[in-house]
Structures are given as C-alpha cells and as structure tokens.
>>> print(open('coords16.txt').read())   # compact mmCIF, C-alpha atoms
# COMPACT_ATOMS: atom_id res chain seq x y z
CA MET B 1 -22.16 -22.63 -61.40
CA LYS B 2 -19.09 -20.41 -61.49
CA ASN B 3 -21.11 -17.56 -60.00
CA MET B 4 -22.36 -19.88 -57.26
CA LYS B 5 -18.77 -20.92 -56.46
CA LYS B 6 -17.76 -17.27 -56.25
CA VAL B 7 -20.62 -16.56 -53.85
CA ILE B 8 -19.73 -19.55 -51.68
CA SER B 9 -16.07 -18.55 -51.73
CA ALA B 10 -16.93 -15.01 -50.72
CA LEU B 11 -19.14 -16.25 -47.87
CA LEU B 12 -16.39 -18.54 -46.61
CA CYS B 13 -13.87 -15.71 -46.68
CA ALA B 14 -16.25 -13.46 -44.80
CA ALA B 15 -16.90 -16.17 -42.19
CA LEU B 16 -13.15 -16.75 -41.81
CA ALA B 17 -12.53 -13.02 -41.37
CA ALA B 18 -15.27 -12.79 -38.74
CA ALA B 19 -13.88 -15.78 -36.88
CA THR B 20 -10.42 -14.26 -36.97
CA MET B 21 -11.71 -10.98 -35.59
CA THR B 22 -13.63 -12.79 -32.85
CA GLY B 23 -10.59 -14.80 -31.97
CA CYS B 24 -8.50 -11.66 -31.68
CA GLY B 25 -11.10 -10.07 -29.44
CA SER B 26 -11.28 -13.03 -27.10
CA SER B 27 -7.50 -13.07 -26.63
CA GLN B 28 -7.40 -9.41 -25.64
CA SER B 29 -5.52 -8.96 -22.37
CA ARG B 30 -6.99 -7.28 -19.32
CA LEU B 31 -4.48 -4.46 -19.70
CA ASP B 32 -5.62 -3.86 -23.29
CA LYS B 33 -9.25 -3.82 -22.16
CA ILE B 34 -8.43 -1.30 -19.42
CA LYS B 35 -6.74 1.03 -21.88
CA GLU B 36 -9.52 0.57 -24.41
CA SER B 37 -12.25 1.35 -21.88
CA GLY B 38 -10.28 4.24 -20.42
CA LYS B 39 -10.84 3.17 -16.83
CA LEU B 40 -9.24 1.06 -14.10
CA VAL B 41 -11.83 -0.54 -11.79
CA LEU B 42 -10.65 -0.77 -8.18
CA ALA B 43 -12.20 -3.05 -5.56
CA THR B 44 -11.63 -1.87 -1.98
CA SER B 45 -13.15 -1.91 1.50
CA PRO B 46 -13.11 1.72 2.74
CA ASP B 47 -13.23 1.04 6.48
CA PHE B 48 -9.57 0.98 7.42
CA ALA B 49 -7.99 4.41 7.95
CA PRO B 50 -5.48 5.58 6.88
CA LEU B 51 -5.35 3.01 4.05
CA GLU B 52 -8.87 3.47 2.71
CA PHE B 53 -11.78 5.31 4.33
CA GLU B 54 -14.66 7.66 3.63
CA ASN B 55 -14.59 11.44 3.75
CA ILE B 56 -18.15 12.78 3.96
CA SER B 57 -17.24 16.29 5.15
CA SER B 58 -18.47 17.84 1.89
CA GLY B 59 -21.87 16.16 2.14
CA GLU B 60 -20.89 13.58 -0.47
CA THR B 61 -18.96 10.36 0.01
CA GLU B 62 -15.35 10.54 -1.15
CA TYR B 63 -13.02 7.55 -0.88
CA VAL B 64 -9.60 8.57 0.41
CA GLY B 65 -6.47 7.08 1.94
CA CYS B 66 -2.98 6.00 0.92
CA ASP B 67 -4.26 2.89 -0.90
CA ILE B 68 -6.66 5.09 -2.86
CA GLU B 69 -3.79 7.43 -3.76
CA LEU B 70 -1.79 4.42 -4.95
CA ALA B 71 -4.70 3.32 -7.13
CA LYS B 72 -5.03 6.83 -8.56
CA TYR B 73 -1.30 6.87 -9.31
CA ILE B 74 -1.49 3.50 -11.08
CA ALA B 75 -4.46 4.65 -13.16
CA GLU B 76 -2.68 7.88 -14.08
CA LYS B 77 0.44 6.00 -15.17
CA LEU B 78 -1.71 3.68 -17.29
CA GLY B 79 -3.36 6.72 -18.86
CA VAL B 80 -6.88 5.94 -17.64
CA GLU B 81 -9.45 7.11 -15.08
CA LEU B 82 -9.98 5.35 -11.75
CA GLU B 83 -13.38 3.86 -10.92
CA ILE B 84 -13.78 2.84 -7.27
CA GLN B 85 -16.08 0.00 -6.26
CA ALA B 86 -16.55 -0.02 -2.47
CA MET B 87 -17.58 -3.30 -0.83
CA ASP B 88 -17.17 -5.43 2.28
CA PHE B 89 -13.67 -6.81 2.72
CA SER B 90 -14.96 -10.37 2.25
CA ALA B 91 -16.18 -9.46 -1.26
CA VAL B 92 -12.98 -7.81 -2.48
CA GLN B 93 -11.13 -11.01 -3.36
CA ALA B 94 -14.20 -12.42 -5.15
CA ALA B 95 -14.42 -9.24 -7.23
CA ILE B 96 -10.96 -10.00 -8.62
CA THR B 97 -11.33 -13.74 -9.19
CA SER B 98 -14.69 -13.20 -10.93
CA GLY B 99 -13.36 -10.37 -13.10
CA GLN B 100 -15.75 -7.79 -11.63
CA ALA B 101 -12.80 -5.49 -10.86
CA ASP B 102 -9.39 -4.99 -12.47
CA ILE B 103 -7.36 -4.51 -9.29
CA ALA B 104 -7.86 -4.83 -5.54
CA ILE B 105 -6.07 -2.70 -2.96
CA ALA B 106 -7.46 -3.20 0.54
CA GLY B 107 -4.71 -3.76 3.07
CA PHE B 108 -3.93 -7.17 1.56
CA ALA B 109 -1.12 -9.10 3.19
CA LYS B 110 0.70 -11.63 1.04
CA THR B 111 -0.45 -15.18 1.82
CA PRO B 112 -0.01 -18.54 0.03
CA GLU B 113 -3.80 -18.83 -0.39
CA ARG B 114 -4.03 -15.46 -2.12
CA GLU B 115 -1.06 -16.33 -4.32
CA GLU B 116 -2.94 -19.43 -5.49
CA SER B 117 -6.10 -17.56 -6.49
CA MET B 118 -4.83 -14.12 -7.56
CA GLY B 119 -1.83 -12.40 -9.07
CA LEU B 120 -0.09 -10.46 -6.29
CA THR B 121 2.10 -7.42 -6.84
CA THR B 122 5.40 -6.27 -5.44
CA PRO B 123 4.93 -5.30 -1.74
CA PHE B 124 4.65 -1.65 -0.74
CA GLY B 125 4.69 0.27 2.56
CA MET B 126 7.51 -1.93 3.87
CA ASP B 127 8.86 0.68 6.28
CA ASP B 128 5.79 0.51 8.52
CA GLU B 129 6.17 -0.86 12.03
CA ASP B 130 5.00 -4.45 12.36
CA ASN B 131 2.93 -4.97 15.51
CA GLY B 132 2.26 -8.62 14.82
CA GLN B 133 -0.99 -10.59 14.70
CA GLY B 134 -2.94 -11.49 17.83
CA LEU B 135 -6.30 -11.97 19.53
CA LEU B 136 -8.49 -9.59 21.49
CA VAL B 137 -10.41 -11.09 24.43
CA PRO B 138 -12.48 -9.70 27.34
CA ALA B 139 -10.04 -7.79 29.57
CA ASP B 140 -11.01 -9.76 32.66
CA LYS B 141 -10.15 -13.03 30.89
CA ALA B 142 -6.90 -11.98 29.18
CA SER B 143 -4.76 -13.97 31.63
CA GLU B 144 -6.56 -17.18 30.64
CA TYR B 145 -5.09 -17.16 27.12
CA THR B 146 -1.34 -17.74 26.93
CA SER B 147 -1.12 -20.46 24.26
CA ALA B 148 -2.95 -21.66 21.16
CA GLU B 149 -4.39 -24.60 23.13
CA ASP B 150 -6.22 -22.20 25.44
CA PHE B 151 -8.59 -21.38 22.57
CA SER B 152 -9.70 -25.01 22.18
CA GLY B 153 -13.49 -25.17 21.83
CA LYS B 154 -13.80 -21.38 21.72
CA THR B 155 -15.50 -19.20 19.11
CA VAL B 156 -13.10 -16.78 17.43
CA GLY B 157 -14.20 -13.94 15.17
CA ALA B 158 -12.25 -13.01 12.01
CA GLN B 159 -13.01 -11.10 8.84
CA ASN B 160 -13.93 -13.51 6.06
CA GLY B 161 -11.08 -14.00 3.58
CA SER B 162 -8.61 -12.11 5.78
CA LEU B 163 -5.09 -12.99 6.85
CA GLN B 164 -6.41 -13.28 10.40
CA GLN B 165 -8.96 -15.92 9.37
CA ASN B 166 -6.16 -17.93 7.80
CA LEU B 167 -4.04 -17.66 10.94
CA VAL B 168 -6.94 -18.78 13.13
CA THR B 169 -7.64 -21.87 11.01
CA SER B 170 -3.98 -22.79 10.61
CA GLN B 171 -2.54 -22.07 14.07
CA LEU B 172 -5.36 -22.60 16.56
CA PRO B 173 -6.82 -26.02 17.53
CA GLU B 174 -9.11 -27.73 15.03
CA ASP B 175 -12.11 -27.53 17.35
CA VAL B 176 -12.10 -23.71 17.31
CA ASN B 177 -15.30 -22.31 15.81
CA VAL B 178 -14.42 -19.51 13.36
CA GLU B 179 -17.12 -16.84 13.23
CA PRO B 180 -17.00 -14.52 10.15
CA ILE B 181 -17.39 -10.80 10.94
CA GLY B 182 -18.06 -7.86 8.65
CA SER B 183 -15.75 -5.37 10.36
CA LEU B 184 -13.58 -5.14 13.46
CA ASN B 185 -16.12 -2.85 15.11
CA ASP B 186 -18.76 -5.54 14.57
CA GLY B 187 -16.32 -8.02 16.06
CA VAL B 188 -15.76 -5.88 19.16
CA LEU B 189 -19.53 -5.69 19.74
CA MET B 190 -19.80 -9.47 19.39
CA LEU B 191 -16.91 -9.86 21.84
CA GLN B 192 -18.51 -7.50 24.35
CA THR B 193 -21.86 -9.28 24.17
CA GLY B 194 -20.37 -12.76 24.49
CA LYS B 195 -21.21 -13.93 20.96
CA ILE B 196 -17.53 -14.73 20.40
CA ASP B 197 -14.76 -15.54 22.86
CA ALA B 198 -11.94 -13.81 20.96
CA LEU B 199 -11.38 -11.52 17.98
CA ALA B 200 -8.44 -11.99 15.63
CA SER B 201 -6.72 -8.71 14.73
CA ASP B 202 -3.40 -7.30 13.65
CA GLY B 203 -1.49 -5.69 16.49
CA SER B 204 -1.96 -2.12 15.27
CA ASN B 205 -5.73 -2.41 15.10
CA ALA B 206 -5.83 -4.23 18.42
CA LYS B 207 -3.97 -1.44 20.20
CA LEU B 208 -6.25 1.16 18.64
CA LEU B 209 -9.38 -0.73 19.70
CA MET B 210 -8.03 -1.15 23.23
CA GLU B 211 -7.69 2.64 23.49
CA ASN B 212 -11.37 3.02 22.64
CA TYR B 213 -12.73 0.06 24.62
CA ASP B 214 -11.30 -0.59 28.08
CA ASP B 215 -13.18 -3.87 28.50
CA ILE B 216 -11.13 -5.73 25.85
CA ALA B 217 -7.43 -6.61 25.82
CA LEU B 218 -4.81 -8.24 23.62
CA CYS B 219 -3.85 -11.57 25.17
CA ASP B 220 -0.24 -12.74 25.49
CA PHE B 221 -0.54 -15.36 22.75
CA MET B 222 0.52 -14.04 19.32
CA PHE B 223 0.38 -15.80 15.98
CA GLU B 224 3.60 -16.75 14.24
CA TRP B 225 3.77 -14.17 11.49
CA GLU B 226 6.33 -11.97 9.77
CA SER B 227 5.05 -9.11 7.66
CA GLU B 228 6.11 -8.89 4.01
CA GLY B 229 4.30 -5.62 3.40
CA ASN B 230 0.95 -5.14 1.69
CA VAL B 231 0.21 -6.07 -1.90
CA ALA B 232 -2.33 -5.28 -4.61
CA ALA B 233 -4.08 -8.08 -6.48
CA VAL B 234 -5.19 -8.73 -10.06
CA LYS B 235 -6.89 -11.70 -11.69
CA LYS B 236 -4.73 -14.79 -11.90
CA GLY B 237 -3.02 -15.14 -15.27
CA GLU B 238 -3.16 -11.45 -16.22
CA ASP B 239 0.63 -11.28 -16.33
CA GLU B 240 0.79 -8.24 -18.62
CA LEU B 241 -1.30 -6.17 -16.21
CA LEU B 242 0.62 -7.49 -13.21
CA GLU B 243 3.95 -6.56 -14.81
CA ALA B 244 2.73 -3.05 -15.63
CA VAL B 245 1.43 -2.50 -12.09
CA ASN B 246 4.64 -3.87 -10.57
CA GLU B 247 6.72 -1.38 -12.54
CA ILE B 248 4.57 1.45 -11.18
CA ILE B 249 4.74 0.16 -7.58
CA GLU B 250 8.51 -0.15 -7.81
CA GLU B 251 8.60 3.51 -8.83
CA VAL B 252 6.36 4.38 -5.87
CA ASN B 253 8.66 2.47 -3.50
CA GLU B 254 11.81 4.09 -4.87
CA GLN B 255 10.38 7.59 -4.40
CA GLY B 256 8.85 6.85 -0.99
CA LEU B 257 5.47 8.06 -2.24
CA TYR B 258 3.31 5.56 -0.36
CA LEU B 259 4.62 6.61 3.04
CA GLU B 260 4.04 10.26 2.10
CA TRP B 261 0.45 9.43 1.14
CA LYS B 262 0.02 7.53 4.38
CA ALA B 263 1.20 10.49 6.47
CA GLU B 264 -1.20 12.81 4.63
CA ALA B 265 -4.08 10.33 4.98
CA THR B 266 -3.39 9.96 8.70
CA GLU B 267 -3.67 13.70 9.23
CA LEU B 268 -6.85 13.85 7.16
CA ALA B 269 -8.44 11.02 9.14
CA LYS B 270 -7.55 12.73 12.43
CA SER B 271 -9.05 16.01 11.23
CA LEU B 272 -12.27 14.13 10.46
CA GLY B 273 -12.30 12.48 13.89
CA ILE B 274 -11.55 9.04 12.47
CA GLU B 275 -9.28 6.75 14.46
CA VAL B 276 -6.21 5.58 12.58
CA ASN B 277 -3.38 3.08 12.85
CA GLU B 278 -0.02 4.86 13.11
>>> encode(input="coords16.txt", output="structure tokens")
Amino acid sequence: MKNMKKVISALLCAALAAATMTGCGSSQSRLDKIKESGKLVLATSPDFAPLEFENISSGETEYVGCDIELAKYIAEKLGVELEIQAMDFSAVQAAITSGQADIAIAGFAKTPEREESMGLTTPFGMDDEDNGQGLLVPADKASEYTSAEDFSGKTVGAQNGSLQQNLVTSQLPEDVNVEPIGSLNDGVLMLQTGKIDALASDGSNAKLLMENYDDIALCDFMFEWESEGNVAAVKKGEDELLEAVNEIIEEVNEQGLYLEWKAEATELAKSLGIEVNE
C-alpha cells in the first residue's frame, strides 16, 4: 500500500510538473517566440515603390524599399533574421490578426479601425509631403465631381482594407457602391473600361498615375484627412513586442534613417524603370 501511494504521488507530481511546463509555454509572449525561433516574419504588399517593391534585375525576386529596410533594421535590433511574406494588400491585415505574421509594414496609415484590431506603432516618415486623399475619375468627367454628393449612386474602387476604402464608406453617400480592387493599376484599368466611376487614391499616387494615363484626372473633391505618418502593426495585445518595436522606430526617427532609406529606394526604383511617389 505504501509503495502504491508513492507511485501515485510520483505520478501526480509528474502530471503537475507537465501542466506547469505547458502553462508556461502557452503564456510565452510573441517577442519571446520571435527570439526563440530566430526570425521575424514580415507581412507586406510589394507593389508600392519606394516603400516596398520587387527587384528582379538579378533574375531572382528580391523585396526592397524603405519599409523593407525598416523591417530589416527591426529584425537586426531584435537579434533575429527577417522572413518576408509577400501578399496582396487586402491580406496583410488578416496575416497579423490571425497570427500568420509577426509584423506588418505596408504603407499603413493610422486609422481608428486598425487601432481596434491591431497594435499600431509609433509613426515614421513624418517629414514626407502630404498630398491628401482624393478620387480619380475619367478626365472628361472631372468637372462633374466637386462634392461628396456628386458620387451618389456611383461605383467607387478602393483597395480592400485600405485607408481609402474607409474614407469612401465614411465620407461619401451611403448609396455609393464600393468595389474592392487588388491594386491601383487594376483600378485604373477598371476606371478606363467603365467598370467603376471613380478610384480612391492618395494624392501622391493619383498624381503619378495621371502622369502615366492622360485619360484620368483627380477631381476637385478631396476627403477630409490629415496624415499622421505611416505605422507598422503587430497582433493586438502583444504589448511587449509593440514596446520593443516602438523603441527601435524612435531610434530610426531620431537618426533620420527612414528618409535616407526612402531616398535610396527611390533612386533604385528609378534605375529599374519603376515609377515612384516622391
């Protein structure tokens, strides 16, 4: 009987120890997991030079841009390697909320909706010129759109999950049909072929697209918007990771590194024949 009690006691102790170890593992923070795995997984949409874009000049696809340099810098400061997961812009936010990626850097503007679903970092790149947020329309119809009400009943294209989509739904009439688009180039084609009546875009991109396509124009109506700079995003509740990344971004801001990376990325994009926002 005594031996049986000893066996039962030993089994209970072992079970308790295992439960304790499991409990410790489940409470491991995202930052701890990143350091343990030795890699930082980045979600980005590499179709927006000079922030993030593809360099295929060597015959292989390399992801480059000032946002990529920022991600590399963050990974280096954390003492890990950077793993880049390229995807459509609409999938980037989902990659963070689902835990597929550790951090997202993809030209994110700070919005209340993103603050609700993700942890947003300190802004960076604040010295950039703000060209506002507006709508591209067929050039021969630009004079028809001078107010939000002029878009009533129209179909407006916007990237899914983007700031522009939020502005369309919040500042244009309720009967506007919002059409999700994969990229701005897709949106321009849809605008040219009459599949949408307008395309929501930030001012910088709009001006760039107007230089390449003379049959579209930025209408006089502009959304009410004041830029707060771009932010990176992590999963909601990962405060330890967010704090660590914020410390690194503050260092980047103090040294002016992001704007240096942006200037270098702009020159690289130009040398590759890729249009950029300056």
>>> closest_residue(input="coords16.txt", among="B:Gly65, B:Pro123, B:Gly79, B:Gly59", to="B:Ala233", atoms="all atoms listed in the file")
B:Pro123
>>> atom_distance(input="coords16.txt", atom1="atom CA of B:Asp197", atom2="atom CA of B:Pro46")
26.6 Å
>>> closest_residue(input="coords16.txt", among="B:Ile56, B:Leu70, B:Ile181, B:Ala198", to="B:Pro138", atoms="all atoms listed in the file")
B:Ala198
>>> residues_around(input="coords16.txt", residues="B:Leu82", least_positions_apart="5", cutoff="6 Å", atoms="only C-alpha atoms", output="PyMOL selection string")
chain B and resi 39-40+75
>>> closest_residue(input="coords16.txt", among="B:Asp150, B:Asp186, B:Glu52, B:Glu264", to="B:Phe221", atoms="all atoms listed in the file")
B:Asp150
>>> closest_residue(input="coords16.txt", among="B:Leu120, B:Val92, B:Ile68, B:Ile34", to="B:Gly229", atoms="only C-alpha atoms")
B:Leu120
>>> residues_around(input="coords16.txt", residues="stretch 143-148 of chain B", least_positions_apart="4", cutoff="9 Å", atoms="only C-alpha atoms", output="PDB file with C-alpha atoms, in the frame of the given file")
ATOM      1  CA  VAL B 137     -10.410 -11.090  24.430  1.00  0.00           C
ATOM      2  CA  ALA B 139     -10.040  -7.790  29.570  1.00  0.00           C
ATOM      3  CA  SER B 152      -9.700 -25.010  22.180  1.00  0.00           C
ATOM      4  CA  GLN B 171      -2.540 -22.070  14.070  1.00  0.00           C
ATOM      5  CA  LEU B 172      -5.360 -22.600  16.560  1.00  0.00           C
ATOM      6  CA  PRO B 173      -6.820 -26.020  17.530  1.00  0.00           C
ATOM      7  CA  CYS B 219      -3.850 -11.570  25.170  1.00  0.00           C
ATOM      8  CA  ASP B 220      -0.240 -12.740  25.490  1.00  0.00           C
ATOM      9  CA  PHE B 221      -0.540 -15.360  22.750  1.00  0.00           C
ATOM     10  CA  MET B 222       0.520 -14.040  19.320  1.00  0.00           C
ATOM     11  CA  PHE B 223       0.380 -15.800  15.980  1.00  0.00           C
TER      12      PHE B 223
END
>>> atom_distance(input="coords16.txt", atom1="atom CA of B:Lys77", atom2="atom CA of B:Ile248")
7.3 Å
